[in-house]
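The data block below is upload_25.tsv; it holds TSV, C-alpha atoms and all ligand atoms.
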chain	number	residue	atom	x	y	z
T	1	MET	CA	0.00	0.00	0.00
T	2	ASN	CA	1.37	3.44	-0.90
T	3	VAL	CA	0.19	6.96	-0.01
T	4	ALA	CA	-1.99	7.33	-3.15
T	5	GLU	CA	-3.68	3.98	-2.54
T	6	GLN	CA	-4.22	4.76	1.14
T	7	PHE	CA	-5.54	8.32	0.60
T	8	PRO	CA	-6.78	8.39	-3.03
T	9	GLU	CA	-9.35	11.17	-2.59
T	10	PHE	CA	-6.82	13.88	-1.91
T	11	THR	CA	-3.50	12.55	-3.21
T	12	GLN	CA	-1.90	13.06	-6.63
T	13	THR	CA	1.27	11.36	-7.86
T	14	HIS	CA	4.31	12.74	-9.71
T	15	VAL	CA	3.15	16.35	-9.57
T	16	PRO	CA	5.53	19.06	-10.87
T	17	LEU	CA	6.28	21.43	-7.99
T	18	ALA	CA	7.74	24.35	-9.99
T	19	PRO	CA	4.32	26.04	-10.44
T	20	PHE	CA	3.87	26.03	-6.65
T	21	THR	CA	7.10	27.94	-6.00
T	22	HIS	CA	8.10	31.56	-6.49
T	23	LEU	CA	11.30	30.62	-8.34
T	24	ARG	CA	9.29	28.41	-10.75
T	25	VAL	CA	11.97	25.69	-10.92
T	26	GLY	CA	12.32	22.13	-9.63
T	27	GLY	CA	11.12	18.59	-10.23
T	28	PRO	CA	8.00	16.63	-9.28
T	29	ALA	CA	6.82	15.42	-5.89
T	30	GLU	CA	6.23	11.68	-5.58
T	31	TYR	CA	2.96	12.49	-3.78
T	32	LEU	CA	1.14	15.81	-3.49
T	33	VAL	CA	-1.35	15.57	-0.65
T	34	GLN	CA	-4.05	18.19	-0.08
T	35	PRO	CA	-6.11	17.09	2.93
T	36	ARG	CA	-9.59	18.57	3.34
T	37	THR	CA	-9.84	18.30	7.13
T	38	VAL	CA	-7.56	18.21	10.16
T	39	ASP	CA	-8.54	14.54	10.67
T	40	GLU	CA	-7.33	13.69	7.15
T	41	LEU	CA	-4.09	15.57	7.77
T	42	THR	CA	-3.56	13.73	11.07
T	43	ALA	CA	-4.26	10.37	9.42
T	44	VAL	CA	-1.67	11.06	6.68
T	45	LEU	CA	0.96	12.08	9.22
T	46	GLY	CA	0.36	8.99	11.34
T	47	TRP	CA	0.43	6.64	8.34
T	48	CYS	CA	3.58	8.23	6.87
T	49	ARG	CA	5.30	8.04	10.23
T	50	THR	CA	4.71	4.30	10.60
T	51	SER	CA	5.53	3.67	6.91
T	52	ASN	CA	8.72	5.78	7.03
T	53	VAL	CA	7.54	8.15	4.28
T	54	PRO	CA	9.01	11.67	4.58
T	55	VAL	CA	6.49	14.54	4.79
T	56	ARG	CA	7.16	18.16	3.88
T	57	VAL	CA	4.77	21.11	4.14
T	58	LEU	CA	4.61	23.61	1.30
T	59	GLY	CA	3.41	27.14	2.00
T	60	SER	CA	3.47	29.69	-0.82
T	61	GLY	CA	6.82	28.23	-1.93
T	62	VAL	CA	8.55	31.62	-1.68
T	63	ASN	CA	11.46	30.52	0.47
T	64	LEU	CA	11.95	27.17	-1.28
T	65	LEU	CA	14.26	25.84	-3.93
T	66	ILE	CA	13.13	22.43	-5.18
T	67	ARG	CA	15.90	20.35	-6.78
T	68	ASP	CA	15.43	19.13	-10.35
T	69	GLU	CA	15.28	15.44	-9.41
T	70	PRO	CA	11.98	13.78	-8.31
T	71	LEU	CA	11.32	14.45	-4.63
T	72	PRO	CA	10.52	11.24	-2.70
T	73	GLY	CA	7.69	11.19	-0.18
T	74	VAL	CA	4.79	13.52	0.54
T	75	VAL	CA	4.52	17.23	-0.11
T	76	MET	CA	1.52	18.59	1.78
T	77	ARG	CA	-0.46	21.69	0.81
T	78	LEU	CA	-2.83	23.18	3.38
T	79	VAL	CA	-5.17	24.96	0.99
T	80	ALA	CA	-8.60	23.65	2.08
T	81	PRO	CA	-10.86	26.05	4.05
T	82	ALA	CA	-10.11	24.01	7.21
T	83	PHE	CA	-6.55	25.40	7.06
T	84	THR	CA	-7.12	28.93	5.74
T	85	ASP	CA	-9.93	30.29	7.91
T	86	ILE	CA	-9.38	33.69	9.58
T	87	THR	CA	-11.58	34.94	12.44
T	88	VAL	CA	-11.48	38.25	14.27
T	89	ASP	CA	-12.86	38.52	17.80
T	90	GLY	CA	-12.21	41.91	19.41
T	91	THR	CA	-8.43	42.36	19.23
T	92	THR	CA	-7.79	38.60	18.96
T	93	VAL	CA	-7.25	37.11	15.52
T	94	LYS	CA	-7.08	33.39	14.72
T	95	ALA	CA	-5.69	32.25	11.40
T	96	GLY	CA	-5.15	28.91	9.75
T	97	CYS	CA	-1.47	28.58	8.87
T	98	GLY	CA	-2.37	27.80	5.25
T	99	ALA	CA	-3.97	31.25	4.85
T	100	LYS	CA	-2.18	33.84	2.75
T	101	LEU	CA	-0.42	36.50	4.81
T	102	ALA	CA	-2.09	39.10	2.53
T	103	SER	CA	-5.54	37.82	3.61
T	104	LEU	CA	-4.54	38.11	7.27
T	105	ILE	CA	-3.29	41.67	6.75
T	106	SER	CA	-6.46	42.76	4.97
T	107	ALA	CA	-8.78	41.06	7.53
T	108	THR	CA	-7.07	42.85	10.40
T	109	ALA	CA	-6.80	46.24	8.67
T	110	LYS	CA	-10.52	46.09	7.81
T	111	ASN	CA	-11.23	45.67	11.53
T	112	ASP	CA	-8.99	48.64	12.48
T	113	LEU	CA	-6.47	46.32	14.10
T	114	ALA	CA	-2.87	47.47	13.92
T	115	GLY	CA	0.30	45.38	13.84
T	116	PHE	CA	0.40	43.58	10.52
T	117	GLU	CA	0.20	46.58	8.18
T	118	THR	CA	3.99	46.84	7.86
T	119	LEU	CA	4.12	43.25	6.54
T	120	VAL	CA	2.25	44.26	3.39
T	121	GLY	CA	3.95	43.03	0.22
T	122	ILE	CA	5.64	39.98	1.82
T	123	PRO	CA	4.60	36.93	-0.22
T	124	ALA	CA	3.86	34.09	2.25
T	125	THR	CA	1.36	31.89	4.00
T	126	VAL	CA	0.84	32.47	7.71
T	127	GLY	CA	2.79	29.24	8.43
T	128	GLY	CA	5.73	30.20	6.23
T	129	ALA	CA	5.76	33.70	7.72
T	130	LEU	CA	5.80	32.34	11.29
T	131	ARG	CA	8.62	29.91	10.54
T	132	CYS	CA	10.93	32.71	9.44
T	133	ASN	CA	9.42	35.52	11.53
T	134	ALA	CA	8.63	37.51	8.40
T	135	GLY	CA	9.02	41.26	8.55
T	136	ASP	CA	11.75	43.84	8.87
T	137	ARG	CA	12.85	46.62	11.22
T	138	SER	CA	9.42	48.26	11.04
T	139	GLY	CA	7.67	45.12	12.37
T	140	GLU	CA	7.73	41.33	12.52
T	141	ILE	CA	4.91	38.80	12.69
T	142	GLY	CA	6.37	37.14	15.83
T	143	THR	CA	5.69	40.22	17.98
T	144	TYR	CA	1.93	39.57	17.86
T	145	VAL	CA	1.79	35.80	18.37
T	146	ARG	CA	-0.10	34.58	21.44
T	147	ARG	CA	-0.05	30.85	20.74
T	148	VAL	CA	0.36	28.40	17.87
T	149	HIS	CA	-1.33	25.01	17.48
T	150	THR	CA	1.00	22.51	15.86
T	151	LEU	CA	1.18	18.83	14.92
T	152	ASP	CA	4.22	16.64	15.37
T	153	GLU	CA	5.41	13.99	12.86
T	154	SER	CA	2.89	11.48	14.24
T	155	GLY	CA	-0.03	13.91	14.02
T	156	ARG	CA	-0.20	14.70	17.76
T	157	VAL	CA	-1.47	18.22	18.55
T	158	ALA	CA	0.60	20.58	20.70
T	159	VAL	CA	-0.05	24.14	21.81
T	160	ARG	CA	3.01	26.38	21.79
T	161	GLU	CA	2.41	29.29	24.15
T	162	ARG	CA	3.94	32.74	23.81
T	163	ASP	CA	6.47	32.25	26.62
T	164	GLU	CA	8.07	29.22	24.93
T	165	LEU	CA	8.28	30.83	21.51
T	166	LYS	CA	11.43	32.56	20.29
T	167	PHE	CA	11.47	34.86	17.28
T	168	GLY	CA	14.75	36.18	15.90
T	169	ASP	CA	16.12	37.70	12.73
T	170	ALA	CA	14.41	35.72	9.93
T	171	SER	CA	14.03	32.79	12.34
T	172	SER	CA	11.83	31.20	15.01
T	173	ASN	CA	11.87	28.06	17.12
T	174	LEU	CA	8.60	26.92	15.50
T	175	ASP	CA	10.19	23.84	14.01
T	176	ASP	CA	7.19	21.53	14.49
T	177	ALA	CA	6.20	19.29	11.56
T	178	VAL	CA	3.01	21.23	10.85
T	179	LEU	CA	1.93	24.68	12.00
T	180	LEU	CA	-1.84	24.44	12.10
T	181	THR	CA	-3.38	27.63	13.50
T	182	ALA	CA	-2.02	30.76	15.11
T	183	GLU	CA	-3.62	33.18	17.52
T	184	PHE	CA	-2.50	36.81	17.52
T	185	ALA	CA	-3.10	39.69	19.92
T	186	LEU	CA	-3.30	43.03	18.09
T	187	HIS	CA	-4.30	46.54	19.13
T	188	ARG	CA	-6.80	49.04	17.83
T	189	ASP	CA	-5.82	52.13	15.90
T	190	LYS	CA	-7.41	54.64	13.59
T	191	SER	CA	-8.07	53.30	10.13
T	192	GLU	CA	-6.28	56.27	8.46
T	193	ALA	CA	-3.14	55.68	10.55
T	194	ILE	CA	-3.08	51.98	9.61
T	195	VAL	CA	-3.55	52.74	5.91
T	196	LYS	CA	-0.82	55.39	6.01
T	197	ARG	CA	1.70	52.96	7.53
T	198	MET	CA	0.62	50.29	5.05
T	199	ARG	CA	1.21	52.60	2.10
T	200	LYS	CA	4.64	53.59	3.42
T	201	ALA	CA	5.68	49.95	3.98
T	202	TRP	CA	4.42	48.99	0.51
T	203	ILE	CA	6.44	51.73	-1.21
T	204	GLN	CA	9.61	50.96	0.77
T	205	ARG	CA	9.37	47.22	0.21
T	206	ARG	CA	8.64	47.51	-3.50
T	207	ALA	CA	11.65	49.80	-3.98
T	208	GLY	CA	14.06	47.24	-2.52
T	209	GLN	CA	12.78	44.04	-4.13
T	210	PRO	CA	12.64	42.43	-7.57
T	211	TYR	CA	9.59	43.38	-9.64
T	212	PRO	CA	6.41	41.50	-8.68
T	213	PHE	CA	6.22	39.87	-12.13
T	214	GLU	CA	9.70	38.33	-11.71
T	215	ALA	CA	10.22	34.77	-10.44
T	216	SER	CA	12.47	35.48	-7.46
T	217	ALA	CA	13.63	34.47	-3.99
T	218	ARG	CA	15.64	36.02	-1.20
T	219	VAL	CA	18.79	33.96	-0.81
T	220	PHE	CA	21.02	34.56	2.22
T	221	LEU	CA	20.55	35.44	5.87
T	222	SER	CA	22.17	38.65	7.04
T	223	PRO	CA	25.08	37.82	9.36
T	224	ARG	CA	24.84	39.44	12.81
T	225	GLY	CA	25.40	43.21	12.54
T	226	GLN	CA	25.85	43.06	8.75
T	227	SER	CA	23.62	43.14	5.72
T	228	ALA	CA	23.77	40.26	3.21
T	229	ARG	CA	22.65	42.68	0.51
T	230	GLU	CA	25.54	45.08	1.23
T	231	LEU	CA	28.09	42.24	1.30
T	232	LEU	CA	26.80	40.97	-2.06
T	233	ASP	CA	26.84	44.52	-3.51
T	234	LYS	CA	30.42	44.96	-2.34
T	235	ALA	CA	31.37	41.75	-4.15
T	236	GLY	CA	29.92	43.28	-7.34
T	237	LEU	CA	27.38	40.52	-7.86
T	238	ALA	CA	24.38	42.42	-9.26
T	239	ARG	CA	23.28	40.92	-12.62
T	240	THR	CA	25.71	37.97	-12.39
T	241	LYS	CA	24.21	35.03	-14.30
T	242	VAL	CA	24.56	31.25	-14.24
T	243	GLY	CA	22.39	29.59	-16.90
T	244	GLY	CA	18.85	30.90	-16.41
T	245	ALA	CA	19.49	32.23	-12.87
T	246	GLU	CA	20.50	35.85	-12.30
T	247	VAL	CA	21.29	38.06	-9.32
T	248	SER	CA	18.58	40.75	-9.24
T	249	GLU	CA	19.67	44.19	-10.40
T	250	ARG	CA	17.30	45.72	-7.81
T	251	ASN	CA	18.63	43.84	-4.77
T	252	ALA	CA	21.71	41.60	-4.85
T	253	ASN	CA	20.28	39.30	-2.16
T	254	TYR	CA	17.57	38.06	-4.56
T	255	ILE	CA	17.93	35.58	-7.40
T	256	VAL	CA	15.54	35.86	-10.32
T	257	THR	CA	14.96	32.98	-12.72
T	258	HIS	CA	14.33	33.12	-16.45
T	259	PRO	CA	12.51	30.59	-18.65
T	260	GLY	CA	14.53	27.38	-18.96
T	261	CYS	CA	16.27	27.92	-15.60
T	262	THR	CA	16.98	24.80	-13.53
T	263	ALA	CA	17.48	24.34	-9.79
T	264	ARG	CA	21.06	23.41	-10.64
T	265	ASP	CA	21.59	26.89	-12.16
T	266	VAL	CA	20.28	28.48	-8.94
T	267	LEU	CA	22.50	26.30	-6.73
T	268	ARG	CA	25.58	27.09	-8.84
T	269	LEU	CA	24.80	30.82	-8.69
T	270	MET	CA	24.40	30.58	-4.91
T	271	ASP	CA	27.82	28.90	-4.66
T	272	LEU	CA	29.35	31.66	-6.76
T	273	MET	CA	27.73	34.38	-4.62
T	274	LYS	CA	29.04	32.72	-1.44
T	275	SER	CA	32.58	32.39	-2.75
T	276	LYS	CA	32.74	35.98	-4.04
T	277	VAL	CA	31.60	37.32	-0.65
T	278	ARG	CA	34.12	35.06	1.11
T	279	ASP	CA	36.88	36.50	-1.13
T	280	SER	CA	35.82	40.15	-0.82
T	281	SER	CA	34.75	40.31	2.86
T	282	GLY	CA	35.88	37.08	4.52
T	283	VAL	CA	32.27	36.38	5.53
T	284	GLU	CA	30.62	32.96	5.19
T	285	LEU	CA	27.01	33.57	4.11
T	286	GLU	CA	24.34	31.11	5.26
T	287	PRO	CA	21.35	30.42	2.97
T	288	GLU	CA	17.88	31.60	3.97
T	289	LEU	CA	16.43	29.65	1.06
T	290	VAL	CA	15.32	26.15	2.09
T	291	VAL	CA	16.48	23.51	-0.42
T	292	TRP	CA	14.38	20.33	-0.94
D	301	LIG	C1	9.84	39.47	-3.54
D	301	LIG	C2	10.03	38.95	-2.14
D	301	LIG	C3	10.00	39.82	-1.06
D	301	LIG	C4	10.17	39.35	0.25
D	301	LIG	N1	10.15	40.25	1.29
D	301	LIG	C5	10.35	39.80	2.54
D	301	LIG	C6	10.36	40.72	3.64
D	301	LIG	O1	10.23	41.93	3.48
D	301	LIG	N2	10.54	40.21	4.89
D	301	LIG	C7	10.69	38.86	5.11
D	301	LIG	O2	10.84	38.45	6.26
D	301	LIG	N3	10.70	37.98	4.09
D	301	LIG	C8	10.54	38.42	2.81
D	301	LIG	N4	10.58	37.54	1.78
D	301	LIG	C9	10.79	36.10	2.08
D	301	LIG	C10	9.49	35.24	2.07
D	301	LIG	O3	8.38	36.01	1.80
D	301	LIG	C11	9.37	34.46	3.35
D	301	LIG	O4	10.40	33.54	3.49
D	301	LIG	C12	7.99	33.74	3.47
D	301	LIG	O5	7.66	33.86	4.81
D	301	LIG	C13	7.93	32.27	3.05
D	301	LIG	O6	6.60	31.80	3.28
D	301	LIG	P1	5.97	30.61	2.44
D	301	LIG	O7	4.56	30.41	2.87
D	301	LIG	O8	6.19	30.86	0.99
D	301	LIG	O9	6.83	29.39	2.92
D	301	LIG	P2	7.51	28.27	2.01
D	301	LIG	O10	8.57	28.90	1.17
D	301	LIG	O11	6.46	27.50	1.29
D	301	LIG	O12	8.18	27.36	3.11
D	301	LIG	C14	9.29	27.81	3.85
D	301	LIG	C15	9.53	26.85	5.00
D	301	LIG	O13	8.43	26.92	5.91
D	301	LIG	C16	7.84	25.63	6.06
D	301	LIG	N5	6.39	25.80	6.21
D	301	LIG	C17	5.57	26.59	5.48
D	301	LIG	N6	4.31	26.49	5.95
D	301	LIG	C18	4.34	25.60	6.98
D	301	LIG	C19	3.36	25.06	7.87
D	301	LIG	N7	2.07	25.44	7.84
D	301	LIG	N8	3.76	24.16	8.80
D	301	LIG	C20	5.06	23.78	8.88
D	301	LIG	N9	6.03	24.26	8.07
D	301	LIG	C21	5.67	25.16	7.14
D	301	LIG	C22	8.21	24.85	4.80
D	301	LIG	O14	8.18	23.46	5.04
D	301	LIG	C23	9.61	25.39	4.55
D	301	LIG	O15	10.55	24.73	5.38
D	301	LIG	C24	10.42	37.99	0.47
D	301	LIG	C25	10.49	37.11	-0.63
D	301	LIG	C26	10.31	37.58	-1.91
D	301	LIG	C27	10.40	36.63	-3.06
Before we go any further, please render this structure as structure tokens.
Ligand SMILES: Cc1cc2nc3c(=O)[nH]c(=O)nc-3n(C[C@H](O)[C@H](O)[C@H](O)COP(=O)(O)OP(=O)(O)OC[C@H]3O[C@@H](n4cnc5c(N)ncnc54)[C@H](O)[C@@H]3O)c2cc1C
Amino acid sequence: MNVAEQFPEFTQTHVPLAPFTHLRVGGPAEYLVQPRTVDELTAVLGWCRTSNVPVRVLGSGVNLLIRDEPLPGVVMRLVAPAFTDITVDGTTVKAGCGAKLASLISATAKNDLAGFETLVGIPATVGGALRCNAGDRSGEIGTYVRRVHTLDESGRVAVRERDELKFGDASSNLDDAVLLTAEFALHRDKSEAIVKRMRKAWIQRRAGQPYPFEASARVFLSPRGQSARELLDKAGLARTKVGGAEVSERNANYIVTHPGCTARDVLRLMDLMKSKVRDSSGVELEPELVVW
């Protein structure tokens, strides 16, 4: 019995993953599983655990590079309403971790709740955003988290409370197998003030990123006290190309991909970027991009 035979109603086999990622490259998943309920999700996790089948969760695929070769095991997408629901109750907001960050921002702004407006323009699901504490100096998602419901590899539920959660620079300790729902505590503000901050954040973010129509990803973490972008600029990397992968001319810490690009091109460009920064600044850059 394999995953598709066990869960035929919501499993597809040999599904190309490139269309589900921002870089638009990479090979197929052995199984793409899109459960419709939490019970189905739990059943898949339990079965995969006992059958030794690896399980990975895909958010918006913005921080992911999928290798060109077929990816063994299950890739899970949490796109059913059971995983994307957002409810607002006073200043408390609950969101399924499969929801788009943009939907969370608009739901809260509509209710005059402040906190998330500076995250506008960050492509992510709530789960992906929590994993890497999405944001910047003007605000991070982690600041507003009250608790997160998670599942472990066997499908057991856990509640991670605020006091055990750690959010750092592009990182968090939310390393559970599945982030299921998150509860946030926001504060009220005037609608005009929220919209003003949102507009400012949008303009600033757009100015420092690849164009929205480009297939792109942010590549390296900024080392403590330094900026990855500045180190890459200093190494003169803007517009460097390997095959169909190119360092963005708008921000050297982003790679953009062109038609025909492969994951191998991206990996070779990343190696080149690392070695040029090592030569010019003596700094060893660590990837932010998760490679599957
Ligand atoms: C143009 C552009 C601009 C950006 N601007 C910013 C910015 O200003 N600030 C910033 O912080 N980031 C920024 N990013 C980075 C990016 O938006 C984040 O990394 C984003 O949070 C990734 O979310 P995702 O849903 O796409 O996660 P994915 O890329 O799909 O997954 C990333 C990791 O999270 C895991 N994951 C995702 N969802 C779950 C879940 N529900 N349960 C368990 N694990 C999960 C995956 O398994 C994977 O390990 C930018 C990226 C681009 C391309």
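Using all atoms listed in the file, the shortest contact distance between Ser191 (chain T) and any of T:Leu17, T:Val277, T:Leu32, T:Ala114 is found at T:Ala114.
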Near-ligand residues for ligand LIG 301 (chain D), threshold 8 Å, all atoms listed in the file, as a PDB file with C-alpha atoms, in the coordinates of the input:
ATOM      1  CA  THR T  21       7.100  27.940  -6.000  1.00  0.00           C
ATOM      2  CA  HIS T  22       8.100  31.560  -6.490  1.00  0.00           C
ATOM      3  CA  ARG T  56       7.160  18.160   3.880  1.00  0.00           C
ATOM      4  CA  VAL T  57       4.770  21.110   4.140  1.00  0.00           C
ATOM      5  CA  LEU T  58       4.610  23.610   1.300  1.00  0.00           C
ATOM      6  CA  GLY T  59       3.410  27.140   2.000  1.00  0.00           C
ATOM      7  CA  SER T  60       3.470  29.690  -0.820  1.00  0.00           C
ATOM      8  CA  GLY T  61       6.820  28.230  -1.930  1.00  0.00           C
ATOM      9  CA  VAL T  62       8.550  31.620  -1.680  1.00  0.00           C
ATOM     10  CA  ASN T  63      11.460  30.520   0.470  1.00  0.00           C
ATOM     11  CA  LEU T  64      11.950  27.170  -1.280  1.00  0.00           C
ATOM     12  CA  LEU T  78      -2.830  23.180   3.380  1.00  0.00           C
ATOM     13  CA  CYS T  97      -1.470  28.580   8.870  1.00  0.00           C
ATOM     14  CA  GLY T  98      -2.370  27.800   5.250  1.00  0.00           C
ATOM     15  CA  LYS T 100      -2.180  33.840   2.750  1.00  0.00           C
ATOM     16  CA  LEU T 119       4.120  43.250   6.540  1.00  0.00           C
ATOM     17  CA  GLY T 121       3.950  43.030   0.220  1.00  0.00           C
ATOM     18  CA  ILE T 122       5.640  39.980   1.820  1.00  0.00           C
ATOM     19  CA  PRO T 123       4.600  36.930  -0.220  1.00  0.00           C
ATOM     20  CA  ALA T 124       3.860  34.090   2.250  1.00  0.00           C
ATOM     21  CA  THR T 125       1.360  31.890   4.000  1.00  0.00           C
ATOM     22  CA  VAL T 126       0.840  32.470   7.710  1.00  0.00           C
ATOM     23  CA  GLY T 127       2.790  29.240   8.430  1.00  0.00           C
ATOM     24  CA  GLY T 128       5.730  30.200   6.230  1.00  0.00           C
ATOM     25  CA  ALA T 129       5.760  33.700   7.720  1.00  0.00           C
ATOM     26  CA  LEU T 130       5.800  32.340  11.290  1.00  0.00           C
ATOM     27  CA  ARG T 131       8.620  29.910  10.540  1.00  0.00           C
ATOM     28  CA  CYS T 132      10.930  32.710   9.440  1.00  0.00           C
ATOM     29  CA  ASN T 133       9.420  35.520  11.530  1.00  0.00           C
ATOM     30  CA  ALA T 134       8.630  37.510   8.400  1.00  0.00           C
ATOM     31  CA  GLY T 135       9.020  41.260   8.550  1.00  0.00           C
ATOM     32  CA  ASP T 136      11.750  43.840   8.870  1.00  0.00           C
ATOM     33  CA  GLU T 140       7.730  41.330  12.520  1.00  0.00           C
ATOM     34  CA  THR T 150       1.000  22.510  15.860  1.00  0.00           C
ATOM     35  CA  ALA T 170      14.410  35.720   9.930  1.00  0.00           C
ATOM     36  CA  ASP T 175      10.190  23.840  14.010  1.00  0.00           C
ATOM     37  CA  ASP T 176       7.190  21.530  14.490  1.00  0.00           C
ATOM     38  CA  ALA T 177       6.200  19.290  11.560  1.00  0.00           C
ATOM     39  CA  VAL T 178       3.010  21.230  10.850  1.00  0.00           C
ATOM     40  CA  LEU T 179       1.930  24.680  12.000  1.00  0.00           C
ATOM     41  CA  LEU T 180      -1.840  24.440  12.100  1.00  0.00           C
ATOM     42  CA  ARG T 205       9.370  47.220   0.210  1.00  0.00           C
ATOM     43  CA  GLN T 209      12.780  44.040  -4.130  1.00  0.00           C
ATOM     44  CA  PRO T 210      12.640  42.430  -7.570  1.00  0.00           C
ATOM     45  CA  TYR T 211       9.590  43.380  -9.640  1.00  0.00           C
ATOM     46  CA  PRO T 212       6.410  41.500  -8.680  1.00  0.00           C
ATOM     47  CA  ALA T 215      10.220  34.770 -10.440  1.00  0.00           C
ATOM     48  CA  SER T 216      12.470  35.480  -7.460  1.00  0.00           C
ATOM     49  CA  ALA T 217      13.630  34.470  -3.990  1.00  0.00           C
ATOM     50  CA  ARG T 218      15.640  36.020  -1.200  1.00  0.00           C
ATOM     51  CA  TYR T 254      17.570  38.060  -4.560  1.00  0.00           C
ATOM     52  CA  GLU T 288      17.880  31.600   3.970  1.00  0.00           C
ATOM     53  CA  LEU T 289      16.430  29.650   1.060  1.00  0.00           C
ATOM     54  CA  VAL T 290      15.320  26.150   2.090  1.00  0.00           C
TER      55      VAL T 290
END
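Compared by their closest atoms to Gly46 (chain T), and using only C-alpha atoms, the residues T:Asn111, T:Gln6, T:Ser222, T:Ser171 rank with T:Gln6 nearest.
If you look at CA of Arg160 (chain T) and CA of Arg147 (chain T), they are 5.5 Å away from each other.
Point (-11.3, 41.1, 7.8) has the following residues at most 12 Å away: Asp85, Ile86, Thr87, Val88, Asp89, Gly90, Thr91, Thr92, Val93, Lys94, Ala95, Ala102, Ser103, Leu104, Ile105, Ser106, Ala107, Thr108, Ala109, Lys110, Asn111, Asp112 and Leu113 of chain T (atoms considered: only C-alpha atoms).
Counting all atoms listed in the file, the residue from T:Val120, T:Arg229, T:Pro223, T:Leu165 that sits nearest to Arg146 (chain T) is T:Leu165.
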### Task
Provide the CA of Glu40 (chain T) to CA of Asp152 (chain T) distance in Å, to one decimal place.
14.5 Å
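Residue nearest Pro70 (chain T) within the list T:Pro28, T:Gly168, T:Gly243, T:Gly225: T:Pro28 [criterion: smallest interatomic distance, only C-alpha atoms].
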### Task
Could you give me, as a ChimeraX atom specification, the residues that sit within 6 Å of (-2.7, 21.1, 3.3) in the file's coordinates, counting all atoms listed in the file?
/T:34-35,76-79
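Using all atoms listed in the file, the residues found no farther than 12 Å from Glu284 (chain T), other than those of its own chain fewer than 6 positions away, are Phe220, Leu221, Ser222, Pro223, Arg224, Gln226, Ala228, Leu231, Leu232, Asp271, Met273, Lys274, Ser275, Lys276, Val277 and Arg278 of chain T.
Nearest residue to Leu65 (chain T), choosing from T:Gly155, T:Gly260, T:Gly208, T:Gly27 and counting only C-alpha atoms: T:Gly27.
You will find CA of Ala18 (chain T) at 18.1 Å from CA of Arg268 (chain T).
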## Note on the structure
Nearest to Asn251 (chain T), restricted to all atoms listed in the file and choosing among T:Glu230, T:Asp68, T:Glu117, T:Glu153, comes out as T:Glu230
Box time for region 202-212 of chain T: axis-aligned, enclosing all its listed atoms, 5 Å extra on each side; report centre and edge lengths in Å to one decimal, as lines of an AutoDock Vina configuration file.
center_x = 9.2
center_y = 46.6
center_z = -4.4
size_x = 19.6
size_y = 20.2
size_z = 20.4
### Task
Tell me which protein, DNA and RNA residues are within 7 Å of Ala263 (chain T), counting all atoms listed in the file, leaving out same-chain ones fewer than 3 positions away, and put them as a PyMOL selection string.
chain T and resi 25-26+65-68+266-267
Could you save the residues just selected, with C-alpha atoms, as a short mmCIF file (atom, residue, chain, number, x, y, z; two decimals), in the coordinates of the input?
data_model
loop_
_atom_site.label_atom_id
_atom_site.label_comp_id
_atom_site.auth_asym_id
_atom_site.auth_seq_id
_atom_site.Cartn_x
_atom_site.Cartn_y
_atom_site.Cartn_z
CA VAL T 25 11.97 25.69 -10.92
CA GLY T 26 12.32 22.13 -9.63
CA LEU T 65 14.26 25.84 -3.93
CA ILE T 66 13.13 22.43 -5.18
CA ARG T 67 15.90 20.35 -6.78
CA ASP T 68 15.43 19.13 -10.35
CA VAL T 266 20.28 28.48 -8.94
CA LEU T 267 22.50 26.30 -6.73
#
Could you list, with a cut-off of 8 Å and counting all atoms listed in the file, the residues of region 67-181 of chain T near region 48-53 of chain T, each shown with its nearest atom pair and the distance in Å rounded to one decimal, rows sorted by chain and ascending number, as CSV?
residue,atom,partner,partner_atom,distance
T:Gly73,CA,T:Val53,CA,5.4
T:Val74,CA,T:Val53,CA,7.1
T:Glu153,CA,T:Arg49,CA,6.5
T:Ser154,CA,T:Arg49,CA,5.8
